[in-house]
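The file input30.cif contains mmCIF, C-alpha atoms:
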```cif
data_coords
loop_
_atom_site.label_atom_id
_atom_site.label_comp_id
_atom_site.auth_asym_id
_atom_site.auth_seq_id
_atom_site.Cartn_x
_atom_site.Cartn_y
_atom_site.Cartn_z
CA MET A 1 75.85 22.76 -111.71
CA LYS A 2 73.73 22.27 -108.61
CA LYS A 3 71.35 20.06 -110.59
CA THR A 4 74.24 17.87 -111.77
CA TYR A 5 75.56 17.57 -108.20
CA THR A 6 72.08 16.57 -106.97
CA SER A 7 71.75 13.94 -109.71
CA ILE A 8 75.12 12.42 -108.82
CA LEU A 9 74.23 12.39 -105.12
CA ASP A 10 70.87 10.75 -105.85
CA TYR A 11 72.61 8.12 -107.99
CA ILE A 12 75.09 7.35 -105.20
CA ILE A 13 72.29 7.03 -102.63
CA GLN A 14 70.23 4.85 -104.97
CA THR A 15 73.23 2.62 -105.66
CA LYS A 16 73.95 2.31 -101.94
CA ASP A 17 70.33 1.40 -101.20
CA SER A 18 70.28 -1.15 -104.02
CA LEU A 19 73.51 -2.70 -102.79
CA LYS A 20 72.18 -2.85 -99.24
CA GLU A 21 68.99 -4.49 -100.43
CA PHE A 22 70.95 -6.99 -102.50
CA VAL A 23 73.21 -7.90 -99.57
CA GLU A 24 70.26 -8.30 -97.21
CA SER A 25 68.52 -10.59 -99.69
CA GLU A 26 71.63 -12.68 -100.35
CA VAL A 27 73.42 -13.00 -97.02
CA LYS A 28 72.10 -15.43 -94.44
CA TYR A 29 72.94 -15.43 -90.75
CA ASP A 30 72.53 -18.47 -88.55
CA GLU A 31 73.95 -18.42 -85.02
CA GLU A 32 74.46 -22.18 -84.89
CA ILE A 33 76.15 -22.50 -88.30
CA ASP A 34 78.21 -19.36 -87.73
CA SER A 35 79.51 -20.91 -84.49
CA TRP A 36 80.96 -23.94 -86.28
CA LEU A 37 84.74 -24.31 -86.59
CA PHE A 38 86.38 -21.88 -89.06
CA VAL A 39 83.06 -20.30 -90.12
CA SER A 40 82.54 -17.09 -88.14
CA LYS A 41 85.82 -15.30 -88.90
CA PRO A 42 87.97 -15.33 -92.04
CA TRP A 43 91.31 -15.19 -90.20
CA PRO A 44 91.80 -18.92 -89.44
CA VAL A 45 91.07 -19.93 -93.04
CA LEU A 46 93.10 -17.01 -94.40
CA GLY A 47 95.97 -18.00 -92.12
CA ILE A 48 95.84 -21.61 -93.32
CA ILE A 49 95.89 -20.51 -96.97
CA ILE A 50 98.79 -18.08 -96.42
CA VAL A 51 100.86 -20.71 -94.59
CA TYR A 52 99.97 -23.25 -97.29
CA LEU A 53 101.03 -20.96 -100.15
CA LEU A 54 104.22 -19.86 -98.40
CA PHE A 55 105.21 -23.46 -97.71
CA VAL A 56 104.45 -25.00 -101.11
CA ILE A 57 105.89 -22.09 -103.11
CA LYS A 58 108.79 -20.73 -101.04
CA ILE A 59 109.58 -22.28 -97.64
CA GLY A 60 109.09 -25.95 -98.56
CA PRO A 61 111.22 -25.98 -101.73
CA LYS A 62 113.95 -24.03 -99.92
CA MET A 63 113.84 -26.44 -96.97
CA MET A 64 114.07 -29.47 -99.26
CA GLU A 65 116.78 -27.98 -101.49
CA ASN A 66 119.66 -29.88 -99.84
CA ARG A 67 117.64 -32.76 -98.41
CA GLN A 68 116.74 -36.17 -99.69
CA PRO A 69 113.05 -36.73 -100.53
CA TYR A 70 111.09 -38.06 -97.57
CA LYS A 71 109.95 -41.67 -97.91
CA ILE A 72 106.29 -41.23 -97.03
CA THR A 73 104.66 -43.93 -99.12
CA ASN A 74 102.80 -45.39 -96.15
CA ILE A 75 101.58 -41.97 -95.07
CA ILE A 76 100.26 -41.36 -98.58
CA LEU A 77 98.48 -44.71 -98.48
CA VAL A 78 96.81 -43.83 -95.20
CA PHE A 79 95.93 -40.35 -96.44
CA ASN A 80 94.32 -41.68 -99.62
CA PHE A 81 92.36 -44.29 -97.68
CA ILE A 82 91.13 -41.68 -95.18
CA GLN A 83 90.02 -39.39 -98.01
CA PHE A 84 88.33 -42.30 -99.79
CA SER A 85 86.47 -43.20 -96.60
CA TYR A 86 85.66 -39.58 -95.69
CA ASN A 87 84.07 -38.85 -99.06
CA GLY A 88 82.27 -42.18 -99.00
CA LEU A 89 80.75 -41.37 -95.61
CA LEU A 90 79.60 -37.95 -96.86
CA CYS A 91 77.77 -39.60 -99.75
CA LEU A 92 76.28 -42.28 -97.51
CA TRP A 93 75.15 -39.60 -95.06
CA ILE A 94 73.10 -37.93 -97.78
CA ILE A 95 71.84 -41.13 -99.40
CA LEU A 96 70.94 -43.02 -96.21
CA THR A 97 69.45 -40.21 -94.11
CA PRO A 98 65.67 -40.82 -94.31
CA GLY A 99 63.99 -38.17 -96.42
CA ILE A 100 67.07 -36.45 -97.86
CA PRO A 101 67.20 -38.21 -101.28
CA LYS A 102 63.50 -37.50 -101.86
CA TYR A 103 63.87 -33.93 -100.61
CA ILE A 104 66.78 -33.30 -102.99
CA PHE A 105 64.97 -34.58 -106.07
CA THR A 106 61.72 -32.78 -105.23
CA HIS A 107 63.45 -29.51 -104.32
CA LEU A 108 65.99 -29.08 -107.09
CA CYS A 109 64.62 -25.61 -107.76
CA HIS A 110 62.86 -24.18 -104.72
CA ILE A 111 63.64 -24.99 -101.09
CA THR A 112 60.81 -25.22 -98.55
CA ASN A 113 61.07 -25.42 -94.77
CA ALA A 114 57.41 -25.42 -93.80
CA THR A 115 57.57 -28.50 -91.58
CA GLN A 116 59.83 -29.51 -88.71
CA HIS A 117 61.07 -32.48 -90.73
CA GLU A 118 62.02 -30.24 -93.66
CA ARG A 119 63.93 -27.96 -91.30
CA TYR A 120 65.74 -31.00 -89.92
CA LEU A 121 66.69 -32.11 -93.45
CA ILE A 122 67.95 -28.63 -94.28
CA LYS A 123 70.14 -28.63 -91.17
CA CYS A 124 71.53 -32.01 -92.27
CA LEU A 125 72.38 -30.54 -95.68
CA HIS A 126 74.19 -27.61 -94.04
CA THR A 127 76.11 -30.04 -91.83
CA VAL A 128 77.18 -32.02 -94.88
CA SER A 129 78.34 -28.77 -96.50
CA TRP A 130 80.48 -27.99 -93.44
CA PHE A 131 82.12 -31.43 -93.47
CA TYR A 132 82.71 -30.99 -97.20
CA PHE A 133 84.37 -27.64 -96.42
CA MET A 134 86.65 -29.45 -93.95
CA SER A 135 87.59 -31.96 -96.65
CA LYS A 136 88.80 -29.11 -98.86
CA ILE A 137 91.16 -28.01 -96.09
CA ILE A 138 92.39 -31.59 -95.67
CA ASP A 139 93.01 -31.71 -99.45
CA LEU A 140 95.78 -29.14 -99.00
CA MET A 141 97.95 -31.90 -97.54
CA ASP A 142 98.28 -33.37 -101.00
CA THR A 143 100.49 -30.48 -102.11
CA ILE A 144 102.51 -30.72 -98.89
CA PHE A 145 103.33 -34.32 -99.81
CA PHE A 146 104.59 -33.19 -103.21
CA VAL A 147 106.98 -30.74 -101.60
CA LEU A 148 108.25 -33.22 -99.00
CA ARG A 149 108.95 -35.72 -101.78
CA LYS A 150 110.75 -33.04 -103.85
CA LYS A 151 108.16 -33.17 -106.62
CA GLN A 152 107.95 -29.40 -107.05
CA SER A 153 107.17 -29.76 -110.74
CA HIS A 154 103.85 -31.29 -109.70
CA VAL A 155 102.92 -28.16 -107.78
CA SER A 156 101.33 -26.70 -110.89
CA PHE A 157 99.20 -23.59 -111.21
CA LEU A 158 96.10 -25.75 -111.68
CA HIS A 159 96.86 -27.77 -108.58
CA VAL A 160 97.50 -24.79 -106.27
CA TYR A 161 94.76 -22.58 -107.74
CA HIS A 162 92.19 -25.35 -107.50
CA HIS A 163 92.97 -26.26 -103.89
CA THR A 164 93.15 -22.64 -102.73
CA LYS A 165 90.00 -21.50 -104.54
CA MET A 166 87.94 -24.43 -103.27
CA VAL A 167 88.75 -23.58 -99.65
CA ILE A 168 87.89 -19.90 -100.18
CA THR A 169 84.64 -20.61 -102.04
CA CYS A 170 83.48 -23.15 -99.45
CA TRP A 171 84.20 -20.74 -96.60
CA MET A 172 82.35 -17.89 -98.35
CA HIS A 173 79.36 -20.16 -98.80
CA MET A 174 79.30 -21.33 -95.18
CA ARG A 175 79.77 -17.82 -93.79
CA PHE A 176 77.56 -15.71 -96.02
CA PHE A 177 75.22 -17.66 -98.27
CA LYS A 178 74.35 -21.01 -96.64
CA SER A 179 72.56 -22.40 -99.66
CA GLU A 180 71.08 -25.85 -99.15
CA LYS A 181 71.87 -26.61 -102.78
CA ALA A 182 75.59 -26.60 -101.98
CA ALA A 183 75.10 -30.05 -100.49
CA TYR A 184 73.99 -31.25 -103.94
CA GLY A 185 77.36 -30.17 -105.31
CA ALA A 186 79.09 -31.79 -102.34
CA LEU A 187 77.36 -35.08 -103.15
CA LEU A 188 78.43 -34.90 -106.80
CA ASN A 189 82.02 -33.94 -106.03
CA SER A 190 82.42 -36.41 -103.17
CA SER A 191 81.19 -39.20 -105.46
CA VAL A 192 83.97 -38.32 -107.90
CA HIS A 193 86.47 -38.21 -105.05
CA ILE A 194 85.55 -41.76 -104.05
CA ALA A 195 86.69 -43.00 -107.47
CA MET A 196 89.67 -40.66 -107.49
CA TYR A 197 91.06 -41.49 -104.06
CA GLY A 198 90.25 -45.17 -104.57
CA TYR A 199 92.43 -45.07 -107.67
CA TYR A 200 95.23 -43.21 -105.87
CA PHE A 201 95.18 -45.70 -103.00
CA LEU A 202 95.38 -48.72 -105.31
CA ALA A 203 98.08 -47.11 -107.46
CA ALA A 204 100.20 -46.40 -104.38
CA LEU A 205 100.22 -50.08 -103.43
CA GLY A 206 102.88 -50.74 -106.04
CA PRO A 207 103.58 -51.88 -109.60
CA PHE A 208 101.68 -55.17 -109.21
CA MET A 209 98.44 -53.15 -109.17
CA GLN A 210 99.06 -51.35 -112.46
CA LYS A 211 97.43 -54.01 -114.65
CA TYR A 212 94.19 -53.48 -112.72
CA LEU A 213 94.23 -49.70 -113.15
CA TRP A 214 93.24 -49.50 -116.82
CA TRP A 215 90.40 -47.19 -115.81
CA LYS A 216 92.72 -44.28 -114.95
CA VAL A 217 91.65 -42.21 -117.95
CA TYR A 218 88.02 -42.56 -116.90
CA VAL A 219 88.77 -40.98 -113.53
CA THR A 220 90.00 -37.85 -115.29
CA ARG A 221 86.99 -37.90 -117.60
CA LEU A 222 84.75 -38.21 -114.57
CA GLN A 223 86.44 -35.17 -113.03
CA ILE A 224 85.68 -33.15 -116.16
CA ALA A 225 82.16 -34.56 -116.59
CA GLN A 226 81.12 -33.39 -113.14
CA LEU A 227 81.98 -29.83 -114.15
CA PHE A 228 79.62 -30.00 -117.13
CA VAL A 229 76.91 -31.49 -114.90
CA ALA A 230 77.38 -28.51 -112.59
CA VAL A 231 77.10 -26.10 -115.53
CA ALA A 232 73.84 -27.78 -116.62
CA TYR A 233 72.42 -27.50 -113.10
CA MET A 234 73.39 -23.83 -112.81
CA ALA A 235 71.72 -23.15 -116.17
CA TYR A 236 68.60 -24.92 -114.89
CA LEU A 237 68.56 -22.75 -111.75
CA PHE A 238 68.77 -19.54 -113.78
CA LYS A 239 66.30 -20.64 -116.46
CA TYR A 240 63.54 -21.41 -113.96
CA ASP A 241 64.39 -18.56 -111.57
CA CYS A 242 65.09 -20.98 -108.75
CA THR A 243 65.81 -20.06 -105.17
CA MET A 244 69.54 -19.47 -104.82
CA PRO A 245 72.03 -16.78 -103.77
CA ARG A 246 72.81 -15.00 -107.05
CA ALA A 247 76.19 -13.69 -105.92
CA MET A 248 77.32 -17.17 -104.92
CA ALA A 249 76.00 -18.55 -108.20
CA PHE A 250 78.16 -16.14 -110.21
CA ILE A 251 81.23 -17.05 -108.11
CA VAL A 252 80.60 -20.75 -108.69
CA ILE A 253 80.07 -20.25 -112.43
CA ILE A 254 83.39 -18.41 -112.74
CA ASP A 255 85.08 -21.21 -110.79
CA ILE A 256 83.52 -23.93 -112.94
CA PHE A 257 84.53 -22.41 -116.27
CA ALA A 258 88.06 -21.74 -114.98
CA PHE A 259 88.32 -25.36 -113.87
CA ILE A 260 86.93 -26.66 -117.17
CA TYR A 261 89.55 -24.70 -119.11
CA LEU A 262 92.40 -25.84 -116.86
CA PHE A 263 91.30 -29.48 -116.62
CA MET A 264 90.75 -29.77 -120.37
CA ASN A 265 94.28 -28.50 -120.95
CA PHE A 266 95.54 -31.00 -118.38
CA TYR A 267 93.62 -33.83 -120.05
CA LYS A 268 94.99 -33.02 -123.51
CA SER A 269 98.59 -32.71 -122.31
CA THR A 270 98.38 -35.87 -120.20
CA TYR A 271 96.69 -38.34 -122.54
CA LYS A 272 98.00 -37.20 -125.91
CA ASN A 273 100.88 -39.64 -125.53
CA ASN A 274 99.87 -43.16 -124.51
CA LYS A 275 103.51 -43.98 -123.85
CA ILE A 276 103.26 -42.06 -120.60
CA ILE A 277 100.59 -44.44 -119.35
CA LYS A 278 102.41 -47.52 -120.61
CA GLY A 279 105.60 -46.37 -118.95
CA ILE A 280 103.98 -46.48 -115.54
CA ALA A 281 103.30 -50.20 -115.70
CA ASP A 282 106.94 -50.92 -116.54
CA LYS A 283 108.34 -49.44 -113.34
CA ASN A 284 109.72 -51.90 -110.81
CA ASN A 285 110.31 -49.67 -107.85
CA LYS A 286 107.33 -48.82 -105.67
CA GLU A 287 108.36 -45.24 -104.95
CA ASP A 288 109.18 -44.58 -108.62
CA THR A 289 105.78 -45.95 -109.58
CA ILE A 290 104.04 -43.46 -107.30
CA ASP A 291 106.15 -40.66 -108.77
CA GLN A 292 105.06 -41.54 -112.30
CA ILE A 293 101.43 -41.77 -111.28
CA ASP A 294 101.70 -38.39 -109.58
CA ALA A 295 103.09 -36.87 -112.75
CA VAL A 296 99.95 -37.59 -114.73
CA ASP A 297 97.22 -38.07 -112.15
CA LYS A 298 97.63 -36.28 -108.85
CA ILE A 299 95.35 -33.32 -109.53
CA LYS A 300 92.18 -32.92 -107.58
CA SER A 301 88.72 -32.40 -109.04
CA SER A 302 86.60 -29.42 -108.20
#
```
Can I see the file as structure tokens?
Amino acid sequence: MKKTYTSILDYIIQTKDSLKEFVESEVKYDEEIDSWLFVSKPWPVLGIIIVYLLFVIKIGPKMMENRQPYKITNIILVFNFIQFSYNGLLCLWIILTPGIPKYIFTHLCHITNATQHERYLIKCLHTVSWFYFMSKIIDLMDTIFFVLRKKQSHVSFLHVYHHTKMVITCWMHMRFFKSEKAAYGALLNSSVHIAMYGYYFLAALGPFMQKYLWWKVYVTRLQIAQLFVAVAYMAYLFKYDCTMPRAMAFIVIIDIFAFIYLFMNFYKSTYKNNKIIKGIADKNNKEDTIDQIDAVDKIKSS
């Protein structure tokens, strides 16, 4: 009996030591990054998510129950343009900063910070990741607009899950893992968002734009394609034992496959009937046109 007790105790101690070693090898601390807005403590981000969920699921629909939908077409136009510009600037920041494009393509697997210039580039990548994290918080406004326009049917599980999970994952990365490779994903996703928000902005201008928006289906395909690109890159990282936080990698992989499943279902249900797309172009009222576009398009990529 004593021997069994000792074996169990040894196993517990060994497990604790292994867990401690794993955490120490995975978690990164950086006083400057940890001091950035919303990074050091979980409570602000958690508070934002709780308020967001309460509003879009309970408070908002109840508030709008006996109200007319708000006419916020112009606000939506401005929002889409800001998001288009914001994501464009993130991409330009990475592409136009001297040394970053070369550093990315020569350090897809292992990150080095031997020189002062490399350390500067790494700090730039972390800064891009933080601004990308902020964009995920801004994305939550999209659901708020649905509620204020009494489009509760558009507040789907995919929509809410995607927005909420992206904020949580980005915060976890900034607080605990701080992987430079996250900026690579930010570049990919922001590139998709340029096309996506560009489409939303043009579509919101009114029915006269519909004949120029034949490429709508390709935006959705681009959203899905980026997920498969991310899967391929994650497979590459594991195959060649690249430098990366393993815990974060598993979280991202789970997210990606969940998004692939949900987005594929969305794609099939949306484009199986071409009459839905044709019906959009036949609308004469600007607000109605936006409503129809929202019904089949207004879901964010990962």
Exercise: Leu188 in chain A partners within 8 Å, all atoms listed in the file, chain neighbours under 4 positions left out, as a ChimeraX atom specification:
/A:184,192,226
Looking at all atoms listed in the file, which of A:Ile122, A:Cys91, A:Ile72, A:Val217 is the one that sits closest to Ile33 in chain A?
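For Ile33 in chain A, the nearest of the candidates is A:Ile122.
Counting all atoms listed in the file and comparing A:Leu262, A:Ala230, A:Ile76, A:Cys109, the residue that lies closest to Phe157 in chain A is A:Leu262.
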Taking (69.2, -28.0, -109.8) in the file's own coordinates, collect the residues within 8 Å, counting only C-alpha atoms, and hand them back as a PyMOL selection string.
chain A and resi 108-109+181+233-234+236-237
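In this model, the gap between CA of His110 in chain A and CA of Ile251 in chain A comes to 20.0 Å.
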Since I can't run it myself right now, could you work out what the PyMOL selection byres ((chain A and resi 202) around 12) selects here and report it as a CSV table (one decimal) with C-alpha atoms, in the frame of the given file?
```csv
chain,number,residue,atom,x,y,z
A,76,ILE,CA,100.3,-41.4,-98.6
A,77,LEU,CA,98.5,-44.7,-98.5
A,78,VAL,CA,96.8,-43.8,-95.2
A,80,ASN,CA,94.3,-41.7,-99.6
A,81,PHE,CA,92.4,-44.3,-97.7
A,84,PHE,CA,88.3,-42.3,-99.8
A,195,ALA,CA,86.7,-43.0,-107.5
A,196,MET,CA,89.7,-40.7,-107.5
A,197,TYR,CA,91.1,-41.5,-104.1
A,198,GLY,CA,90.2,-45.2,-104.6
A,199,TYR,CA,92.4,-45.1,-107.7
A,200,TYR,CA,95.2,-43.2,-105.9
A,201,PHE,CA,95.2,-45.7,-103.0
A,203,ALA,CA,98.1,-47.1,-107.5
A,204,ALA,CA,100.2,-46.4,-104.4
A,205,LEU,CA,100.2,-50.1,-103.4
A,206,GLY,CA,102.9,-50.7,-106.0
A,207,PRO,CA,103.6,-51.9,-109.6
A,208,PHE,CA,101.7,-55.2,-109.2
A,209,MET,CA,98.4,-53.2,-109.2
A,210,GLN,CA,99.1,-51.4,-112.5
A,211,LYS,CA,97.4,-54.0,-114.6
A,212,TYR,CA,94.2,-53.5,-112.7
A,213,LEU,CA,94.2,-49.7,-113.2
A,214,TRP,CA,93.2,-49.5,-116.8
A,215,TRP,CA,90.4,-47.2,-115.8
A,216,LYS,CA,92.7,-44.3,-115.0
A,286,LYS,CA,107.3,-48.8,-105.7
A,289,THR,CA,105.8,-46.0,-109.6
A,290,ILE,CA,104.0,-43.5,-107.3
A,293,ILE,CA,101.4,-41.8,-111.3
```
Find the spatial neighbours of Ile104 in chain A, counting all atoms listed in the file, within a cut-off of 12 Å - ignore same-chain residues fewer than 4 positions away - and output them as a PyMOL selection string.
chain A and resi 94-95+97-100+108-112+118+121-122+124-125+180-185+187
Run the PyMOL selection byres ((chain A and resi 43-59) around 7) on the file and write out the hits as a list in words.
Phe38, Lys41, Pro42, Gly60, Pro61, Lys62, Met63, Thr143, Ile144, Val147 and Thr164 of chain A
At most 9 Å is the cut-off: for each residue in range 184-279 of chain A with any atom that close to an atom of range 166-171 of chain A, write down the nearest atom pair and the distance in Å rounded to one decimal, counting only C-alpha atoms, chain first then increasing number, as CSV.
```
residue,atom,partner,partner_atom,distance
A:Met248,CA,A:Thr169,CA,8.6
A:Ile251,CA,A:Thr169,CA,7.8
A:Val252,CA,A:Thr169,CA,7.8
A:Asp255,CA,A:Met166,CA,8.7
```
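Atom pair CA of Trp93 in chain A / CA of Leu140 in chain A has a distance of 23.5 Å (rounded to one decimal).
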Have a look at A:Ala114, A:Ala249, A:Val219, A:Ile254 and name the one nearest to His173 in chain A; count all atoms listed in the file.
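Distance minimum relative to His173 in chain A lands on A:Ala249.
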Point-to-point distance in Å for CA of Glu26 in chain A and CA of Pro245 in chain A
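CA of Glu26 in chain A lies at a distance of 5.4 Å from CA of Pro245 in chain A.
Across the chains present, the PyMOL selection byres ((chain A and resi 175) around 8) applied to this file returns Tyr29, Asp34, Val39, Ser40, Trp171, Met172, His173, Met174, Phe176, Phe177 and Lys178 of chain A.
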When you get a chance, write out N, CA and C atoms for range 133-161 of chain A, as a compact mmCIF listing (two decimals), keeping the file's coordinate frame.
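Listing of result_21.txt after writing:
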```
# COMPACT_ATOMS: atom_id res chain seq x y z
N PHE A 133 83.43 -28.75 -96.57
CA PHE A 133 84.37 -27.64 -96.42
C PHE A 133 85.64 -28.11 -95.71
N MET A 134 85.49 -28.91 -94.67
CA MET A 134 86.65 -29.45 -93.95
C MET A 134 87.50 -30.33 -94.87
N SER A 135 86.84 -31.09 -95.74
CA SER A 135 87.59 -31.96 -96.65
C SER A 135 88.45 -31.16 -97.61
N LYS A 136 88.00 -29.95 -97.96
CA LYS A 136 88.80 -29.11 -98.86
C LYS A 136 90.07 -28.62 -98.16
N ILE A 137 89.96 -28.39 -96.85
CA ILE A 137 91.16 -28.01 -96.09
C ILE A 137 92.11 -29.19 -95.99
N ILE A 138 91.56 -30.38 -95.74
CA ILE A 138 92.39 -31.59 -95.67
C ILE A 138 93.10 -31.83 -97.00
N ASP A 139 92.43 -31.51 -98.11
CA ASP A 139 93.01 -31.71 -99.45
C ASP A 139 94.34 -30.97 -99.62
N LEU A 140 94.54 -29.91 -98.86
CA LEU A 140 95.78 -29.14 -99.00
C LEU A 140 97.00 -29.98 -98.68
N MET A 141 96.83 -31.04 -97.88
CA MET A 141 97.95 -31.90 -97.54
C MET A 141 98.57 -32.55 -98.77
N ASP A 142 97.77 -32.72 -99.79
CA ASP A 142 98.28 -33.37 -101.00
C ASP A 142 99.48 -32.62 -101.57
N THR A 143 99.38 -31.30 -101.59
CA THR A 143 100.49 -30.48 -102.11
C THR A 143 101.69 -30.55 -101.17
N ILE A 144 101.43 -30.60 -99.87
CA ILE A 144 102.51 -30.72 -98.89
C ILE A 144 103.33 -31.98 -99.17
N PHE A 145 102.63 -33.08 -99.51
CA PHE A 145 103.33 -34.32 -99.81
C PHE A 145 104.22 -34.17 -101.04
N PHE A 146 103.76 -33.43 -102.03
CA PHE A 146 104.59 -33.19 -103.21
C PHE A 146 105.90 -32.53 -102.81
N VAL A 147 105.80 -31.50 -102.00
CA VAL A 147 106.98 -30.74 -101.60
C VAL A 147 107.94 -31.61 -100.80
N LEU A 148 107.41 -32.38 -99.85
CA LEU A 148 108.25 -33.22 -99.00
C LEU A 148 108.92 -34.33 -99.79
N ARG A 149 108.35 -34.69 -100.94
CA ARG A 149 108.95 -35.72 -101.78
C ARG A 149 109.75 -35.11 -102.94
N LYS A 150 109.97 -33.78 -102.86
CA LYS A 150 110.75 -33.04 -103.85
C LYS A 150 110.17 -33.21 -105.25
N LYS A 151 108.85 -33.10 -105.34
CA LYS A 151 108.16 -33.17 -106.62
C LYS A 151 107.56 -31.79 -106.93
N GLN A 152 108.42 -30.77 -106.89
CA GLN A 152 107.95 -29.40 -107.05
C GLN A 152 107.33 -29.15 -108.42
N SER A 153 107.75 -29.93 -109.41
CA SER A 153 107.17 -29.76 -110.74
C SER A 153 105.68 -30.12 -110.77
N HIS A 154 105.27 -30.91 -109.78
CA HIS A 154 103.85 -31.29 -109.70
C HIS A 154 103.00 -30.21 -109.05
N VAL A 155 103.66 -29.25 -108.42
CA VAL A 155 102.92 -28.16 -107.78
C VAL A 155 102.60 -27.13 -108.87
N SER A 156 101.68 -27.52 -109.73
CA SER A 156 101.33 -26.70 -110.89
C SER A 156 100.36 -25.58 -110.50
N PHE A 157 100.16 -24.67 -111.43
CA PHE A 157 99.20 -23.59 -111.21
C PHE A 157 97.80 -24.15 -110.99
N LEU A 158 97.42 -25.13 -111.82
CA LEU A 158 96.10 -25.75 -111.68
C LEU A 158 95.93 -26.36 -110.31
N HIS A 159 96.93 -27.09 -109.87
CA HIS A 159 96.86 -27.77 -108.58
C HIS A 159 96.67 -26.77 -107.43
N VAL A 160 97.54 -25.76 -107.38
CA VAL A 160 97.50 -24.79 -106.27
C VAL A 160 96.26 -23.91 -106.36
N TYR A 161 95.95 -23.43 -107.56
CA TYR A 161 94.76 -22.58 -107.74
C TYR A 161 93.50 -23.32 -107.34
```
